[in-house]
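**Q** Got structure.txt for you, compact mmCIF, C-alpha atoms and all ligand atoms:
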# COMPACT_ATOMS: atom_id res chain seq x y z
CA MET U 1 18.33 -2.57 54.63
CA GLU U 2 22.02 -3.48 54.76
CA LEU U 3 24.72 -0.92 53.81
CA GLU U 4 25.92 -3.05 50.92
CA GLU U 5 22.43 -3.24 49.52
CA ILE U 6 22.00 0.53 49.85
CA LYS U 7 25.33 1.13 48.09
CA LYS U 8 24.16 -1.07 45.23
CA ARG U 9 20.87 0.91 45.05
CA ILE U 10 22.85 4.19 44.91
CA LYS U 11 24.96 2.81 42.07
CA ASP U 12 21.89 1.59 40.15
CA VAL U 13 20.00 4.86 40.55
CA SER U 14 23.06 6.83 39.49
CA GLU U 15 23.62 4.72 36.35
CA LYS U 16 19.95 4.78 35.41
CA ALA U 17 19.71 8.52 35.92
CA GLU U 18 22.79 9.17 33.80
CA LYS U 19 21.61 6.88 31.03
CA GLU U 20 18.18 8.50 30.89
CA LEU U 21 19.70 11.95 30.93
CA LEU U 22 21.87 11.17 27.92
CA GLU U 23 18.82 10.08 25.98
CA ILE U 24 17.28 13.54 26.30
CA VAL U 25 18.24 15.55 23.21
CA GLU U 26 17.94 19.03 21.67
CA GLY U 27 14.54 20.58 21.97
CA GLU U 28 13.35 18.15 24.63
CA SER U 29 13.49 20.48 27.61
CA ASP U 30 10.06 19.22 28.77
CA LYS U 31 11.54 15.69 29.10
CA LEU U 32 14.49 17.16 30.99
CA GLU U 33 12.15 18.71 33.55
CA ILE U 34 10.39 15.37 34.06
CA TRP U 35 13.81 13.76 34.61
CA LYS U 36 14.69 16.41 37.18
CA VAL U 37 11.53 15.77 39.19
CA LYS U 38 12.08 12.04 38.98
CA TYR U 39 15.62 12.11 40.39
CA LEU U 40 16.30 15.45 42.03
CA GLY U 41 12.76 16.40 43.04
CA ARG U 42 11.42 16.55 46.60
CA LYS U 43 9.88 13.09 46.27
CA GLY U 44 12.51 11.94 43.78
CA GLU U 45 14.79 8.93 43.79
CA ILE U 46 17.63 10.66 45.65
CA ASN U 47 15.47 11.68 48.53
CA ASN U 48 14.11 8.12 48.59
CA LEU U 49 17.67 6.90 49.12
CA PHE U 50 18.19 9.34 52.00
CA ALA U 51 15.04 7.90 53.57
CA LEU U 52 16.81 4.52 53.86
CA LEU U 53 19.62 5.86 56.05
CA PRO U 54 17.99 6.08 59.53
CA HIS U 55 18.20 2.28 59.91
CA LEU U 56 21.99 2.28 59.54
CA SER U 57 24.61 2.69 62.27
CA SER U 58 26.11 6.19 62.47
CA GLY U 59 29.37 5.20 60.72
CA GLU U 60 27.49 3.53 57.91
CA LYS U 61 25.07 6.46 57.74
CA LYS U 62 27.97 8.81 57.15
CA GLU U 63 29.45 6.66 54.40
CA ALA U 64 26.14 6.15 52.58
CA GLY U 65 25.18 9.80 53.10
CA MET U 66 28.42 10.93 51.44
CA LEU U 67 27.85 8.61 48.48
CA ILE U 68 24.31 9.90 47.94
CA ASN U 69 25.45 13.53 48.21
CA GLU U 70 28.25 12.92 45.73
CA MET U 71 25.79 11.41 43.30
CA LYS U 72 23.35 14.28 43.83
CA GLU U 73 26.04 16.81 42.99
CA LYS U 74 27.10 14.86 39.93
CA LEU U 75 23.54 14.59 38.64
CA ASN U 76 22.91 18.28 39.35
CA THR U 77 25.94 19.25 37.26
CA ALA U 78 24.94 16.86 34.50
CA TYR U 79 21.46 18.36 34.57
CA GLU U 80 22.79 21.93 34.22
CA GLU U 81 24.96 20.90 31.28
CA ARG U 82 22.06 19.23 29.59
CA ILE U 83 19.98 22.41 29.77
CA SER U 84 22.39 24.14 27.43
CA ILE U 85 21.89 21.33 24.91
CA THR U 86 18.14 20.89 25.14
CA GLY U 87 17.52 24.66 25.38
CA LYS U 88 19.51 25.42 22.22
CA GLN U 89 16.81 24.49 19.76
CA GLU U 90 14.18 26.04 21.95
CA LYS U 91 15.00 29.56 20.72
CA HIS U 92 14.30 28.55 17.14
CA LYS U 93 11.07 26.77 17.82
CA ILE U 94 8.29 28.26 15.78
CA ASN U 95 5.17 29.31 17.56
CA LEU U 96 2.58 29.35 14.81
CA SER U 97 0.15 31.37 16.86
CA PHE U 98 2.44 34.44 16.88
CA PRO U 99 1.62 37.24 14.39
CA GLY U 100 4.18 37.35 11.55
CA LYS U 101 6.91 39.95 11.23
CA ARG U 102 6.74 41.75 7.90
CA PRO U 103 10.22 42.05 6.39
CA GLU U 104 11.34 45.60 5.54
CA THR U 105 11.31 46.06 1.79
CA GLY U 106 13.13 48.74 -0.12
CA SER U 107 11.52 51.17 -2.54
CA PHE U 108 12.69 53.13 -5.52
CA HIS U 109 13.43 56.83 -5.21
CA PRO U 110 10.85 58.95 -7.07
CA ILE U 111 13.61 60.27 -9.37
CA THR U 112 14.48 56.69 -10.31
CA ILE U 113 10.82 55.92 -10.94
CA ILE U 114 10.30 58.90 -13.26
CA SER U 115 13.65 58.36 -15.00
CA ARG U 116 12.71 54.77 -15.79
CA GLU U 117 9.29 55.78 -17.03
CA ILE U 118 10.82 58.43 -19.30
CA SER U 119 13.46 55.98 -20.58
CA THR U 120 10.75 53.46 -21.44
CA ILE U 121 8.75 56.02 -23.42
CA PHE U 122 11.80 57.02 -25.45
CA THR U 123 13.19 53.54 -25.98
CA LYS U 124 9.80 52.56 -27.42
CA MET U 125 10.37 55.33 -29.99
CA GLY U 126 13.75 53.83 -30.88
CA PHE U 127 15.99 56.04 -28.74
CA GLY U 128 19.15 54.53 -27.26
CA ILE U 129 20.33 55.41 -23.75
CA VAL U 130 23.76 56.96 -23.29
CA THR U 131 25.68 58.55 -20.44
CA GLY U 132 28.41 61.10 -19.96
CA PRO U 133 30.68 62.22 -17.10
CA ASP U 134 29.51 64.48 -14.26
CA ILE U 135 32.90 66.21 -14.31
CA GLU U 136 33.34 68.05 -17.57
CA THR U 137 35.61 70.47 -19.28
CA ASP U 138 34.65 73.97 -20.30
CA TYR U 139 34.90 72.82 -23.91
CA TYR U 140 32.17 70.17 -23.68
CA ASN U 141 29.93 72.02 -21.25
CA PHE U 142 30.08 75.39 -23.05
CA GLU U 143 32.33 76.01 -26.01
CA ALA U 144 31.41 73.07 -28.25
CA LEU U 145 27.77 73.92 -27.54
CA ASN U 146 28.31 77.34 -29.08
CA ILE U 147 28.50 79.13 -25.73
CA PRO U 148 31.72 81.13 -26.09
CA ALA U 149 33.73 82.43 -23.12
CA GLU U 150 32.59 85.88 -22.03
CA HIS U 151 29.26 85.38 -23.75
CA PRO U 152 26.45 86.76 -21.53
CA SER U 153 24.34 83.61 -22.00
CA LYS U 154 26.97 81.75 -19.96
CA ASP U 155 25.63 83.52 -16.87
CA VAL U 156 22.51 81.35 -17.02
CA TRP U 157 24.62 78.43 -15.90
CA ASP U 158 26.26 79.48 -12.64
CA THR U 159 29.05 76.96 -12.56
CA PHE U 160 30.96 75.01 -9.88
CA TYR U 161 34.57 75.02 -11.11
CA LEU U 162 36.85 72.28 -9.82
CA SER U 163 39.80 74.03 -11.44
CA GLU U 164 39.16 77.38 -13.04
CA LYS U 165 42.67 77.45 -14.49
CA GLU U 166 42.29 74.09 -16.20
CA LYS U 167 38.63 74.79 -16.93
CA ILE U 168 37.36 71.67 -15.22
CA LEU U 169 33.85 71.89 -13.83
CA LEU U 170 30.77 70.03 -12.69
CA ARG U 171 28.50 69.90 -15.71
CA THR U 172 25.69 72.45 -15.48
CA HIS U 173 23.46 70.50 -17.88
CA THR U 174 23.38 67.18 -19.74
CA SER U 175 23.92 68.91 -23.11
CA PRO U 176 27.70 68.11 -23.15
CA VAL U 177 26.71 64.47 -23.64
CA GLN U 178 25.45 65.55 -27.08
CA ILE U 179 28.97 66.55 -28.09
CA ARG U 180 30.58 63.42 -26.65
CA ILE U 181 28.13 61.18 -28.51
CA MET U 182 28.39 63.04 -31.82
CA GLU U 183 32.19 62.94 -31.68
CA LYS U 184 32.14 59.15 -31.72
CA THR U 185 28.92 58.33 -33.61
CA ALA U 186 28.11 58.73 -37.26
CA PRO U 187 24.49 59.72 -37.93
CA PRO U 188 21.73 58.68 -38.15
CA PHE U 189 21.01 58.03 -34.46
CA ARG U 190 18.67 59.03 -31.69
CA VAL U 191 19.63 58.94 -28.02
CA ILE U 192 18.68 60.18 -24.59
CA ALA U 193 21.04 60.80 -21.67
CA ILE U 194 19.96 60.99 -18.04
CA GLY U 195 22.15 62.28 -15.24
CA LYS U 196 23.04 64.67 -12.47
CA CYS U 197 23.72 68.36 -13.09
CA PHE U 198 25.16 70.99 -10.78
CA ARG U 199 24.60 74.72 -10.46
CA ARG U 200 25.53 77.29 -7.88
CA ASP U 201 21.91 78.00 -7.06
CA ASP U 202 20.66 78.90 -3.61
CA ILE U 203 18.46 76.19 -2.19
CA ASP U 204 14.74 76.87 -2.06
CA ALA U 205 11.49 75.06 -2.89
CA THR U 206 12.28 75.00 -6.62
CA HIS U 207 16.11 75.14 -6.72
CA SER U 208 18.75 72.66 -5.70
CA PRO U 209 22.51 72.80 -6.48
CA VAL U 210 22.24 69.16 -7.60
CA PHE U 211 19.43 68.01 -9.83
CA HIS U 212 18.79 65.66 -12.74
CA GLN U 213 18.21 66.27 -16.40
CA ILE U 214 17.28 64.23 -19.38
CA GLU U 215 18.79 65.21 -22.71
CA GLY U 216 17.62 64.06 -26.12
CA LEU U 217 19.32 64.21 -29.49
CA MET U 218 18.23 62.93 -32.88
CA VAL U 219 20.29 63.39 -36.04
CA ASP U 220 19.43 62.18 -39.54
CA ARG U 221 18.88 63.36 -43.06
CA GLY U 222 15.78 65.51 -43.40
CA ILE U 223 14.97 65.99 -39.70
CA ASN U 224 12.84 69.08 -39.17
CA PHE U 225 10.91 70.90 -36.48
CA SER U 226 7.78 68.77 -37.05
CA HIS U 227 9.68 65.66 -35.95
CA LEU U 228 10.70 67.48 -32.79
CA LYS U 229 7.12 68.55 -32.11
CA GLY U 230 5.74 65.10 -32.77
CA ILE U 231 8.23 63.27 -30.57
CA LEU U 232 7.93 65.68 -27.63
CA THR U 233 4.14 65.92 -27.79
CA HIS U 234 3.89 62.13 -27.80
CA PHE U 235 6.33 61.93 -24.88
CA ILE U 236 4.40 64.43 -22.75
CA MET U 237 1.09 62.69 -23.44
CA GLU U 238 2.57 59.30 -22.58
CA LEU U 239 3.89 60.66 -19.29
CA PHE U 240 0.95 62.83 -18.25
CA GLY U 241 -2.03 61.55 -20.21
CA ASN U 242 -3.76 62.30 -23.50
CA ASN U 243 -5.77 65.25 -22.20
CA ILE U 244 -2.68 67.37 -21.64
CA LYS U 245 -2.28 70.34 -24.01
CA VAL U 246 1.24 71.06 -25.26
CA LYS U 247 2.47 74.51 -26.25
CA PHE U 248 5.69 75.46 -28.08
CA THR U 249 6.95 79.02 -27.50
CA PRO U 250 9.94 80.62 -29.29
CA SER U 251 13.00 80.85 -27.07
CA PHE U 252 16.79 81.09 -27.18
CA PHE U 253 19.55 78.58 -26.55
CA PRO U 254 23.01 79.06 -28.08
CA PHE U 255 23.17 75.42 -29.24
CA THR U 256 19.84 75.33 -31.10
CA GLU U 257 18.30 77.43 -33.86
CA PRO U 258 15.39 77.88 -33.86
CA SER U 259 14.84 77.22 -30.16
CA ALA U 260 11.64 76.69 -28.22
CA GLU U 261 10.32 76.22 -24.74
CA VAL U 262 7.63 73.63 -24.23
CA SER U 263 4.82 74.07 -21.74
CA MET U 264 2.03 71.70 -20.83
CA SER U 265 -1.42 72.54 -19.52
CA CYS U 266 -1.33 72.54 -15.72
CA ASN U 267 -2.58 69.16 -14.56
CA ILE U 268 -3.17 70.49 -11.05
CA CYS U 269 -5.80 73.13 -11.91
CA LYS U 270 -6.60 71.59 -15.33
CA GLY U 271 -5.64 74.87 -16.97
CA ASN U 272 -7.87 77.12 -14.89
CA GLY U 273 -5.06 78.84 -13.02
CA CYS U 274 -3.36 77.99 -9.70
CA PRO U 275 -0.17 78.92 -7.78
CA THR U 276 1.83 76.09 -9.42
CA CYS U 277 1.26 77.50 -12.91
CA HIS U 278 1.29 81.11 -11.67
CA ASN U 279 -2.30 81.41 -12.88
CA THR U 280 -1.25 80.98 -16.49
CA GLY U 281 -2.78 77.52 -16.88
CA TYR U 282 0.54 76.29 -18.33
CA ILE U 283 3.76 74.94 -16.82
CA GLU U 284 7.05 75.21 -18.68
CA ILE U 285 8.82 71.87 -18.68
CA LEU U 286 11.59 71.77 -21.26
CA GLY U 287 13.85 73.50 -23.73
CA CYS U 288 14.46 72.29 -27.26
CA GLY U 289 15.34 73.23 -30.81
CA MET U 290 17.05 72.31 -34.04
CA VAL U 291 20.75 71.65 -33.47
CA HIS U 292 22.73 74.79 -34.37
CA PRO U 293 24.92 74.31 -37.49
CA GLN U 294 27.93 75.55 -35.51
CA VAL U 295 27.50 72.65 -33.05
CA PHE U 296 27.50 70.21 -35.99
CA ARG U 297 30.62 71.84 -37.41
CA ASN U 298 32.31 71.51 -33.99
CA VAL U 299 31.94 67.74 -34.19
CA GLY U 300 32.72 67.52 -37.90
CA TYR U 301 29.24 66.77 -39.23
CA ASP U 302 28.27 67.85 -42.72
CA THR U 303 25.56 70.47 -42.20
CA ASP U 304 24.34 70.12 -45.80
CA GLU U 305 23.61 66.46 -45.27
CA PHE U 306 22.37 66.25 -41.68
CA THR U 307 19.97 68.07 -39.47
CA GLY U 308 18.82 67.21 -35.99
CA PHE U 309 16.90 68.25 -32.94
CA ALA U 310 17.77 68.33 -29.26
CA PHE U 311 15.90 68.82 -26.03
CA GLY U 312 16.62 68.98 -22.33
CA MET U 313 14.48 68.95 -19.21
CA GLY U 314 14.72 68.78 -15.44
CA ILE U 315 13.56 65.50 -13.95
CA GLU U 316 12.73 66.91 -10.51
CA ARG U 317 10.35 69.34 -12.15
CA LEU U 318 8.56 66.54 -13.99
CA ALA U 319 8.42 64.49 -10.78
CA ILE U 320 6.99 67.44 -8.86
CA ILE U 321 4.23 67.84 -11.44
CA LYS U 322 3.53 64.13 -11.84
CA LEU U 323 3.69 63.05 -8.20
CA GLY U 324 2.41 66.23 -6.59
CA ILE U 325 5.56 66.70 -4.49
CA THR U 326 5.55 70.32 -3.38
CA ASP U 327 9.22 71.01 -2.67
CA ILE U 328 12.37 69.95 -4.57
CA ARG U 329 14.22 69.52 -1.24
CA TYR U 330 12.18 66.41 -0.46
CA PHE U 331 14.08 64.56 -3.22
CA PHE U 332 17.40 65.04 -1.46
CA GLN U 333 16.52 64.77 2.23
CA ASN U 334 15.99 61.01 1.98
CA ASP U 335 13.14 61.06 4.47
CA LEU U 336 11.76 57.55 3.94
CA ARG U 337 8.26 58.69 4.92
CA VAL U 338 8.27 60.86 1.77
CA ILE U 339 10.19 58.81 -0.75
CA LYS U 340 8.67 55.45 0.11
CA GLN U 341 5.23 56.56 -1.03
CA PHE U 342 5.76 56.32 -4.74
CA SER U 343 6.86 52.79 -5.64
N1 LIG C 401 20.69 72.52 -21.55
C1 LIG C 401 19.56 73.40 -21.36
C2 LIG C 401 19.50 73.87 -19.92
O1 LIG C 401 20.04 73.23 -19.08
C3 LIG C 401 18.28 72.72 -21.73
C4 LIG C 401 18.19 72.48 -23.18
C5 LIG C 401 17.57 73.38 -24.01
C6 LIG C 401 18.76 71.34 -23.75
C7 LIG C 401 17.47 73.18 -25.37
C8 LIG C 401 18.68 71.13 -25.12
C9 LIG C 401 18.04 72.08 -25.92
O2 LIG C 401 19.20 70.07 -25.71
O3 LIG C 401 17.96 71.85 -27.27
O4 LIG C 401 18.90 74.87 -19.64
Show me, as structure tokens, the structure contained in the file I just sent.
Ligand code: DAH

**A**
Amino acid sequence: MELEEIKKRIKDVSEKAEKELLEIVEGESDKLEIWKVKYLGRKGEINNLFALLPHLSSGEKKEAGMLINEMKEKLNTAYEERISITGKQEKHKINLSFPGKRPETGSFHPITIISREISTIFTKMGFGIVTGPDIETDYYNFEALNIPAEHPSKDVWDTFYLSEKEKILLRTHTSPVQIRIMEKTAPPFRVIAIGKCFRRDDIDATHSPVFHQIEGLMVDRGINFSHLKGILTHFIMELFGNNIKVKFTPSFFPFTEPSAEVSMSCNICKGNGCPTCHNTGYIEILGCGMVHPQVFRNVGYDTDEFTGFAFGMGIERLAIIKLGITDIRYFFQNDLRVIKQFS
């Protein structure tokens, strides 16, 4: 074959190869490989062109050889560039035979679960939900609740003071919310408040310096202890089941008179006696009573017209009983293996 003819062949092959290469698009890496074999492969078009050279004179051989090599290099580079285009989609190709990846889903903390359940029970009985600040003053946390300075009952609440001089503290219970609500609400009303409380307790299986309480307050004309008993008994049965026995025992709180502690039959041993209930068959779960007249006077309520009841309980304690969690520390360690189990 003449040199001129070979040069024309080189030009044709080069143009054809480039045209075909440009037609290969994203995701078609299999087509790209076929193209590579066709042009750059051992028995491909380029090597076919080299096979034509032996018939030429040495000067012509050199010239044609250089042209073919140039083209080979050009096509090689074009091939490499094309890989980045065709390969791009490859990563996103779906292989339907692969097992699926389950997305991580979140779960609610057990305290959130119980708090919501409790809120639902009370809202069904017409209670509104209110909140108050975690940082309180001595007045709201103690004094307005009829717990005077220097009174021995104050020792029950071992307090974190943020400023002892200005009497600013982390609330030791949710009872100050009672005062804040009464100051701005005219009776009748019924509310619950849920939130964090803080006490300088040493940490052990049943004590944590941070914990949660739920507070209840109902004020109206003619409210008496039977209303309190009815509401709380219904609440406990809704939360723990109708077979639970509820017991009211006289107690003392400065902000209620009379005051009571409420216990429920131990749902772990069914009242037969176990370590959780200290073999008594009953577990104490909340404090309650009729709002002390002094507390009403502190917020300007007419004690001849209105009476009310209040109650307060620890949510961790209820969660421990309901969910069978054995140690209060689990609620705060955020070990997902523990807290994921309950939602
Ligand atoms: N605040 C009390 C405490 O933390 C619990 C309590 C008892 C709240 C009786 C009340 C109540 O509203 O009436 O120990």

**Q** Can you work out which one of U:Trp157, U:Phe252, U:Tyr282, U:Phe311 has the shortest atom-to-atom distance to ligand LIG 401 (chain C), counting only C-alpha atoms and all ligand atoms?

**A** U:Phe311

**Q** Enumerate as a PyMOL selection string the residues within 8 Å of ligand LIG 401 (chain C), counting all atoms listed in the file.

**A** chain U and resi 156-157+172-175+178+213+215-217+253+255-256+259-261+286-291+309-314

**Q** Pick the closest to Pro254 of chain U from U:Phe142, U:Tyr330, U:Phe160, U:Phe98: which is it, counting all atoms listed in the file?

**A**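 Among U:Phe142, U:Tyr330, U:Phe160, U:Phe98, it is U:Phe142 that comes nearest to Pro254 of chain U.
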
**Q** List as a list of chain:residue names the protein and nucleic acid residues near Ile118 of chain U, meaning an atom at most 9 Å away when all atoms listed in the file are counted, but skip any in the same chain fewer than 2 places from it.

**A** U:Ile113, U:Ile114, U:Ser115, U:Arg116, U:Thr120, U:Ile121, U:Phe122, U:Thr123, U:Ile214, U:Phe235, U:Glu238, U:Leu239

**Q** So, with only C-alpha atoms as the atoms that count, which of U:Phe331, U:Phe240, U:Phe211, U:Tyr79 lies closest to Lys36 of chain U?

**A**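 Closest to Lys36 of chain U of all the choices is U:Tyr79.
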
**Q** So which residues touch Asn48 of chain U within 12 Å, counting all atoms listed in the file, skipping near sequence neighbours fewer than 5 positions away, as a list in words?

**A**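 Here the answer would be Ile6, Arg9, Ile10, Val13, Lys38, Tyr39, Leu40, Gly41, Arg42, Lys43, Leu53, Pro54 and Ile68 of chain U.
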
**Q** Given 5 Å on each side, where is the centre and what are the edge lengths in Å to one decimal of the axis-aligned box enclosing the listed atoms of segment 221-232 of chain U, as AutoDock Vina command-line options?

**A**
--center_x 12.3 --center_y 67.1 --center_z -35.5 --size_x 23.1 --size_y 17.6 --size_z 25.8

**Q** Using only C-alpha atoms, can you tell me which of U:Asn242, U:Glu305, U:Glu23, U:Leu318 comes closest to Arg82 of chain U?

**A**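 Among the listed residues, the smallest separation from Arg82 of chain U belongs to U:Glu23.
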
**Q** Please write as an mmCIF file with C-alpha atoms, keeping the file's coordinate frame the list of polymer residues whose atoms come within 9 Å of (13.0, 73.6, -6.6), counting only C-alpha atoms and keeping to the coordinates of the file.

**A**
data_model
loop_
_atom_site.group_PDB
_atom_site.id
_atom_site.type_symbol
_atom_site.label_atom_id
_atom_site.label_comp_id
_atom_site.auth_asym_id
_atom_site.auth_seq_id
_atom_site.Cartn_x
_atom_site.Cartn_y
_atom_site.Cartn_z
ATOM 1 C CA ILE U 203 18.460 76.190 -2.190
ATOM 2 C CA ASP U 204 14.740 76.870 -2.060
ATOM 3 C CA ALA U 205 11.490 75.060 -2.890
ATOM 4 C CA THR U 206 12.280 75.000 -6.620
ATOM 5 C CA HIS U 207 16.110 75.140 -6.720
ATOM 6 C CA SER U 208 18.750 72.660 -5.700
ATOM 7 C CA GLU U 316 12.730 66.910 -10.510
ATOM 8 C CA ARG U 317 10.350 69.340 -12.150
ATOM 9 C CA ILE U 320 6.990 67.440 -8.860
ATOM 10 C CA THR U 326 5.550 70.320 -3.380
ATOM 11 C CA ASP U 327 9.220 71.010 -2.670
ATOM 12 C CA ILE U 328 12.370 69.950 -4.570
ATOM 13 C CA ARG U 329 14.220 69.520 -1.240
#

**Q** Take atom CA of Gly273 of chain U and atom CA of Thr233 of chain U and report the distance between them in Å, one decimal.

**A**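 So the answer is 21.7 Å.
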
**Q** Could you check the closest approach to Glu166 of chain U for each of U:Asp138, U:Glu143, U:Glu26, U:Glu257 and tell me which residue wins, using all atoms listed in the file?

**A** U:Asp138

**Q** Kindly give the distance, in Å, that separates atom CA of Ala319 of chain U and atom CA of Ile111 of chain U, rounded to a single decimal.

**A**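 Answer for the atom CA of Ala319 of chain U to atom CA of Ile111 of chain U separation: 6.8 Å.
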
**Q** Nearest to Phe225 of chain U among U:Pro209, U:Pro258, U:Gly195, U:Gly271, with distances taken over only C-alpha atoms: which residue is it?

**A** U:Pro258

**Q** Give me, as a ChimeraX atom specification, all polymer residues having an atom no more than 7 Å from Lys247 of chain U, counting all atoms listed in the file and skipping those fewer than 6 positions away in the same chain.

**A** /U:262-264

**Q** Using only C-alpha atoms, collect all residues at a distance of at most 7 Å from (2.3, 73.7, -18.9) as written in the file, then present them as a count of residues only.

**A** 10

**Q** Find the distance between atom CA of Thr77 of chain U and atom CA of Leu3 of chain U and write it in Å to one decimal.

**A**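 Atom CA of Leu3 of chain U lies 26.1 Å from atom CA of Thr77 of chain U.
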